[in-house]
file structure-v1.txt (compact mmCIF, C-alpha atoms)
# COMPACT_ATOMS: atom_id res chain seq x y z
CA MET M 1 4.55 96.76 22.03
CA PHE M 2 2.85 94.54 19.46
CA ALA M 3 -0.62 95.97 19.27
CA SER M 4 -2.57 93.19 17.61
CA ALA M 5 -1.58 90.34 19.92
CA THR M 6 -3.82 89.51 22.84
CA TYR M 7 -2.31 88.10 25.99
CA THR M 8 -4.68 86.42 28.35
CA THR M 9 -2.32 84.08 30.15
CA LYS M 10 0.31 85.45 32.48
CA SER M 11 3.25 83.42 33.73
CA GLU M 12 2.52 81.91 37.10
CA PRO M 13 4.63 82.89 40.11
CA GLY M 14 7.72 80.77 40.67
CA THR M 15 9.63 81.72 37.53
CA LEU M 16 13.37 81.63 38.13
CA THR M 17 14.59 82.44 34.61
CA THR M 18 12.90 83.15 31.33
CA TYR M 19 13.77 84.68 27.98
CA ALA M 20 13.12 84.26 24.28
CA ALA M 21 15.25 84.51 21.17
CA LEU M 22 14.53 85.11 17.49
CA ARG M 23 16.87 83.37 15.05
CA PHE M 24 17.47 83.39 11.31
CA MET M 25 19.71 80.78 9.70
CA GLY M 26 20.93 79.86 6.25
CA ASP M 27 24.07 79.16 4.27
CA LYS M 28 23.66 82.40 2.31
CA LEU M 29 22.81 84.55 5.33
CA GLU M 30 24.43 87.99 5.20
CA PRO M 31 24.07 89.30 8.77
CA SER M 32 24.20 93.00 7.94
CA ARG M 33 21.13 92.74 5.71
CA ILE M 34 18.98 91.50 8.60
CA THR M 35 20.48 93.96 11.07
CA GLU M 36 19.76 96.88 8.73
CA LEU M 37 16.26 95.67 7.94
CA LEU M 38 15.21 95.07 11.56
CA GLY M 39 17.20 97.94 13.05
CA ALA M 40 18.23 95.75 15.97
CA GLN M 41 21.66 94.58 17.05
CA PRO M 42 21.86 90.79 17.29
CA THR M 43 23.21 88.93 20.28
CA THR M 44 25.06 86.39 18.14
CA VAL M 45 25.87 86.67 14.47
CA TYR M 46 28.08 84.88 11.95
CA ARG M 47 28.32 83.77 8.36
CA LYS M 48 28.70 80.11 7.43
CA GLY M 49 32.18 78.90 8.35
CA GLU M 50 33.08 81.99 10.40
CA VAL M 51 34.61 81.69 13.86
CA TYR M 52 32.03 83.09 16.29
CA LYS M 53 33.63 82.27 19.61
CA ARG M 54 36.67 80.77 21.22
CA VAL M 55 36.32 78.18 23.95
CA ARG M 56 39.42 77.42 25.99
CA GLY M 57 41.62 78.32 23.02
CA ARG M 58 39.55 76.39 20.49
CA GLU M 59 37.70 78.13 17.66
CA VAL M 60 34.01 77.49 17.19
CA ARG M 61 32.83 77.91 13.58
CA GLY M 62 29.31 78.28 12.29
CA ARG M 63 27.82 75.29 10.48
CA THR M 64 25.63 77.77 8.67
CA GLY M 65 24.99 81.51 8.81
CA LEU M 66 23.14 82.71 11.90
CA TRP M 67 21.55 85.92 13.21
CA ARG M 68 20.17 85.65 16.75
CA LEU M 69 18.49 88.20 18.98
CA SER M 70 17.97 87.13 22.59
CA THR M 71 15.96 89.07 25.16
CA LYS M 72 18.26 87.85 27.93
CA GLY M 73 19.73 90.97 29.49
CA ARG M 74 17.47 93.24 27.39
CA VAL M 75 14.10 92.48 28.95
CA ASN M 76 14.07 92.25 32.72
CA SER M 77 10.85 90.42 33.45
CA PRO M 78 9.76 87.04 34.82
CA ASP M 79 6.89 87.11 32.34
CA LEU M 80 7.72 85.24 29.13
CA HIS M 81 5.06 87.23 27.28
CA GLU M 82 7.01 90.45 27.78
CA HIS M 83 10.02 88.78 26.17
CA LEU M 84 7.94 87.61 23.22
CA ASN M 85 6.40 91.09 22.98
CA TYR M 86 9.86 92.60 22.64
CA LEU M 87 10.66 90.32 19.71
CA LEU M 88 7.29 91.01 18.08
CA GLY M 89 8.01 94.71 18.44
CA VAL M 90 11.22 94.22 16.45
CA LEU M 91 9.42 92.32 13.69
CA PHE M 92 6.30 94.47 13.58
CA PRO M 93 7.26 98.07 14.42
CA PRO M 94 4.25 100.40 14.22
CA SER M 95 6.36 102.82 12.19
CA ASP M 96 7.02 100.33 9.37
CA ARG M 97 4.14 98.07 8.44
CA GLU M 98 5.97 96.89 5.31
CA LEU M 99 9.01 95.60 7.17
CA VAL M 100 7.73 92.06 7.50
CA GLU M 101 7.12 91.84 3.76
CA SER M 102 10.69 92.99 3.08
CA LEU M 103 11.92 90.40 5.54
CA ARG M 104 9.90 87.63 3.90
CA ALA M 105 11.35 88.61 0.52
CA LEU M 106 14.89 88.50 1.92
CA MET M 107 14.23 85.11 3.48
CA ARG M 108 12.95 83.74 0.16
CA GLU M 109 15.85 85.24 -1.78
CA ASP M 110 18.54 83.87 0.54
CA GLY M 111 16.78 80.66 1.57
CA LEU M 112 16.68 81.61 5.26
CA GLN M 113 14.79 79.83 8.02
CA ALA M 114 13.52 81.44 11.19
CA ASP M 115 12.52 80.20 14.62
CA VAL M 116 11.84 81.47 18.10
CA SER M 117 13.03 79.67 21.21
CA CYS M 118 11.45 80.20 24.61
CA PHE M 119 13.37 79.31 27.74
CA TRP M 120 11.69 79.02 31.13
CA HIS M 121 12.89 77.52 34.38
CA GLY M 122 10.64 77.53 37.41
CA GLU M 123 10.62 76.51 41.02
CA ARG M 124 9.43 73.02 41.77
CA GLY M 125 5.67 72.87 41.25
CA ALA M 126 5.49 76.17 39.35
CA GLN M 127 3.18 76.38 36.36
CA ALA M 128 4.93 76.82 33.01
CA PRO M 129 3.67 79.68 30.84
CA LEU M 130 1.52 79.17 27.79
CA VAL M 131 2.34 80.74 24.45
CA PRO M 132 -0.86 82.31 23.11
CA GLU M 133 -2.07 81.24 19.69
CA GLY M 134 -2.00 84.87 18.55
CA VAL M 135 1.72 85.03 19.22
CA ARG M 136 2.33 81.83 17.29
CA THR M 137 0.28 83.21 14.41
CA ALA M 138 2.24 86.47 14.40
CA PHE M 139 5.62 84.72 14.25
CA ALA M 140 4.25 82.37 11.59
CA ARG M 141 4.07 85.40 9.27
CA VAL M 142 7.84 85.01 8.92
CA SER M 143 7.54 81.21 9.03
CA ALA M 144 9.08 81.18 12.50
CA GLN M 145 8.00 78.23 14.60
CA ILE M 146 8.10 78.59 18.36
CA GLU M 147 10.06 76.02 20.33
CA THR M 148 9.73 75.79 24.08
CA ASP M 149 12.31 74.60 26.58
CA PHE M 150 10.42 74.57 29.87
CA ALA M 151 11.31 72.74 33.09
CA THR M 152 11.20 73.10 36.86
CA ASP M 153 13.61 72.38 39.68
CA MET T 1 44.00 64.40 31.73
CA MET T 2 40.95 64.30 29.45
CA ALA T 3 37.63 65.30 30.99
CA GLN T 4 34.94 62.66 31.37
CA LYS T 5 31.67 62.75 29.45
CA ILE T 6 28.88 63.21 32.00
CA TRP T 7 25.85 63.67 29.73
CA SER T 8 25.00 62.69 26.17
CA ARG T 9 21.28 62.59 25.54
CA PRO T 10 18.62 64.79 24.01
CA GLY T 11 16.60 67.01 26.33
CA ASN T 12 17.48 68.56 29.65
CA PRO T 13 20.43 67.41 31.76
CA THR T 14 19.56 66.00 35.14
CA ARG T 15 20.17 67.45 38.59
CA ALA T 16 23.11 65.04 38.96
CA VAL T 17 24.86 66.65 35.97
CA ALA T 18 24.39 70.08 37.53
CA GLN T 19 25.80 68.83 40.81
CA ALA T 20 28.80 67.31 39.06
CA LEU T 21 29.58 70.71 37.53
CA GLY T 22 28.84 72.58 40.76
CA VAL T 23 26.07 74.77 39.30
CA SER T 24 22.33 74.98 39.82
CA ARG T 25 20.12 73.08 37.41
CA ALA T 26 18.54 76.37 36.30
CA ARG T 27 21.93 77.84 35.37
CA LEU T 28 23.01 74.66 33.62
CA ARG T 29 19.82 74.49 31.56
CA ASP T 30 20.15 78.19 30.70
CA ALA T 31 23.76 77.71 29.58
CA ILE T 32 23.02 74.63 27.47
CA HIS T 33 20.01 76.30 25.87
CA ALA T 34 22.06 79.36 24.88
CA ILE T 35 25.02 77.30 23.62
CA LYS T 36 22.73 75.16 21.46
CA HIS T 37 20.81 78.11 20.03
CA ASP T 38 24.01 80.02 19.26
CA ALA T 39 25.31 76.94 17.44
CA GLY T 40 22.22 76.62 15.27
CA LEU T 41 20.87 73.62 17.17
CA ARG T 42 17.38 73.10 18.54
CA PRO T 43 16.46 72.55 22.20
CA GLY T 44 15.83 68.85 21.63
CA ASP T 45 19.11 68.14 19.84
CA THR T 46 21.62 65.91 21.55
CA VAL T 47 24.80 67.39 22.94
CA SER T 48 27.46 65.95 25.20
CA ILE T 49 28.54 67.65 28.41
CA TRP T 50 32.01 67.00 29.79
CA GLY T 51 33.36 67.21 33.29
CA ASP T 52 35.29 70.39 32.52
CA GLY T 53 32.08 72.11 31.35
CA SER T 54 32.75 71.65 27.63
CA VAL T 55 29.77 71.03 25.39
CA THR T 56 30.17 69.13 22.11
CA ASP T 57 27.71 68.54 19.29
CA ASP T 58 26.83 65.32 17.44
CA ARG T 59 30.09 65.57 15.45
CA ASP T 60 32.12 65.84 18.67
CA VAL T 61 32.92 69.46 17.83
CA CYS T 62 33.17 71.78 20.84
CA ILE T 63 30.41 74.42 20.67
CA GLY T 64 30.82 76.04 24.07
CA ASN T 65 31.54 75.71 27.75
CA VAL T 66 28.99 75.90 30.54
CA TYR T 67 31.29 78.01 32.74
CA ASP T 68 31.61 80.67 30.01
CA GLU T 69 27.84 81.20 30.08
CA ILE T 70 27.27 81.67 33.80
call {"tool": "encode", "arguments": {"input": "structure-v1.txt", "output": "C-alpha cells"}}
result
Amino acid sequence: MFASATYTTKSEPGTLTTYAALRFMGDKLEPSRITELLGAQPTTVYRKGEVYKRVRGREVRGRTGLWRLSTKGRVNSPDLHEHLNYLLGVLFPPSDRELVESLRALMREDGLQADVSCFWHGERGAQAPLVPEGVRTAFARVSAQIETDFATD
Amino acid sequence: MMAQKIWSRPGNPTRAVAQALGVSRARLRDAIHAIKHDAGLRPGDTVSIWGDGSVTDDRDVCIGNVYDEI
C-alpha cells in the first residue's frame, strides 16, 4: 500500500474490466537492472531488436527496449485505484525510501522513459473512474505520465 | 487467402469490428490495449486490425493477434 496517496474517488459500479501497467522504455534499456532494482517480475520484457513473441509463426521484435508490469491477473479488483496502488507499492516500498532515487538515476543514465496506462471498460452508462491528482503526482516523481483508455459498451 | 483489413484508425475499435471478429467489445479493447502497450505504442496510436485477428502497426509490421490475448 502506498501510504501517502489519498483516494477519495472510488470506481462506480458497472466496471467490466480494469487494470493498469507501468512501463519503462529506451534503446539502452537493460531489463535485469530494472527487475533487480524494483524487485518485481515484469509481464513483458525485451531489449531493442529482441524477439518478444511469435504470432502465427511470425517473430515480433522490439522497436526499443521495454520493461512492463501489468496488474492484469495480479490484482483482482474492479477498482482501478487498487491497481494503481499496487504499482505505487512497487515504486515506493516502505522498506526502501531511496529506491525511487536509484530508479531516477538509472533512467537518466540509460535515457529511459516511463509511463502508466490505465485500462477501464464499463457497462453502458457506467461512470469511468477518476485518477486522483495525488496518484499523478506520485508517478510524476519518475516522470511517468498516466494515460487512460476508458470506454463503455 | 489474405485477411481483410477491418479497422485502421486511432482510438477504440467499434462494436462492428468486435462483431466481425466474434468477440465482445470489452475483450477486443482489452486485447488491443495490451498488444499496443507491449509493442511500445500508446493507447491513441493507430493500428490496423485484420479479419484473422492480426494487429499491425503503422509500418505494417505484425505486433500481435487478438485471439492470442483472449
call {"tool": "closest_residue", "arguments": {"input": "structure-v1.txt", "among": "T:Ser48, T:Arg59, T:Pro10, T:Gly53", "to": "Leu28 of chain T", "atoms": "only C-alpha atoms"}}
result
T:Gly53
call {"tool": "interface_residues", "arguments": {"input": "structure-v1.txt", "of": "chain T", "to": "chain M", "cutoff": "7 Å", "atoms": "only C-alpha atoms", "output": "list of chain:residue names"}}
result
T:Arg25, T:Ala26, T:Asp38, T:Ala39, T:Pro43, T:Cys62, T:Ile63, T:Gly64, T:Asn65
call {"tool": "write_last_selection", "arguments": {"input": "structure-v1.txt", "atoms": "C-alpha atoms", "output": "mmCIF file, in the frame of the given file"}}
result
data_model
loop_
_atom_site.group_PDB
_atom_site.id
_atom_site.type_symbol
_atom_site.label_atom_id
_atom_site.label_comp_id
_atom_site.auth_asym_id
_atom_site.auth_seq_id
_atom_site.Cartn_x
_atom_site.Cartn_y
_atom_site.Cartn_z
ATOM 1 C CA ARG T 25 20.120 73.080 37.410
ATOM 2 C CA ALA T 26 18.540 76.370 36.300
ATOM 3 C CA ASP T 38 24.010 80.020 19.260
ATOM 4 C CA ALA T 39 25.310 76.940 17.440
ATOM 5 C CA PRO T 43 16.460 72.550 22.200
ATOM 6 C CA CYS T 62 33.170 71.780 20.840
ATOM 7 C CA ILE T 63 30.410 74.420 20.670
ATOM 8 C CA GLY T 64 30.820 76.040 24.070
ATOM 9 C CA ASN T 65 31.540 75.710 27.750
#
call {"tool": "closest_residue", "arguments": {"input": "structure-v1.txt", "among": "M:Gly49, M:Ala40, M:Gly89, M:Thr15", "to": "Arg124 of chain M", "atoms": "only C-alpha atoms"}}
result
M:Thr15
call {"tool": "residues_around", "arguments": {"input": "structure-v1.txt", "residues": "Ser8 of chain T", "least_positions_apart": "4", "cutoff": "8 Å", "atoms": "all atoms listed in the file", "output": "list in words"}}
result
Thr46, Val47, Ser48 and Ile49 of chain T
call {"tool": "atom_distance", "arguments": {"input": "structure-v1.txt", "atom1": "atom CA of Val75 of chain M", "atom2": "atom CA of Asn12 of chain T"}}
result
24.2 Å
call {"tool": "decode", "arguments": {"input": "structure-v1.txt", "residues": "segment 41-58 of chain M", "atoms": "C-alpha atoms", "output": "mmCIF file, in the first residue's frame"}}
result
data_model
loop_
_atom_site.group_PDB
_atom_site.id
_atom_site.type_symbol
_atom_site.label_atom_id
_atom_site.label_comp_id
_atom_site.auth_asym_id
_atom_site.auth_seq_id
_atom_site.Cartn_x
_atom_site.Cartn_y
_atom_site.Cartn_z
ATOM 1 C CA GLN M 41 8.939 -9.623 -12.234
ATOM 2 C CA PRO M 42 7.734 -7.845 -15.379
ATOM 3 C CA THR M 43 4.869 -9.055 -17.520
ATOM 4 C CA THR M 44 6.666 -8.226 -20.766
ATOM 5 C CA VAL M 45 10.340 -7.519 -21.211
ATOM 6 C CA TYR M 46 12.796 -7.215 -24.097
ATOM 7 C CA ARG M 47 15.847 -5.361 -25.315
ATOM 8 C CA LYS M 48 15.798 -3.328 -28.514
ATOM 9 C CA GLY M 49 15.631 -5.642 -31.511
ATOM 10 C CA GLU M 50 14.873 -8.784 -29.477
ATOM 11 C CA VAL M 51 12.064 -11.142 -30.456
ATOM 12 C CA TYR M 52 9.480 -10.928 -27.669
ATOM 13 C CA LYS M 53 6.680 -13.008 -29.109
ATOM 14 C CA ARG M 54 5.670 -15.122 -32.055
ATOM 15 C CA VAL M 55 2.354 -14.570 -33.769
ATOM 16 C CA ARG M 56 1.184 -17.291 -36.130
ATOM 17 C CA GLY M 57 4.793 -18.226 -36.874
ATOM 18 C CA ARG M 58 5.973 -14.639 -37.311
#
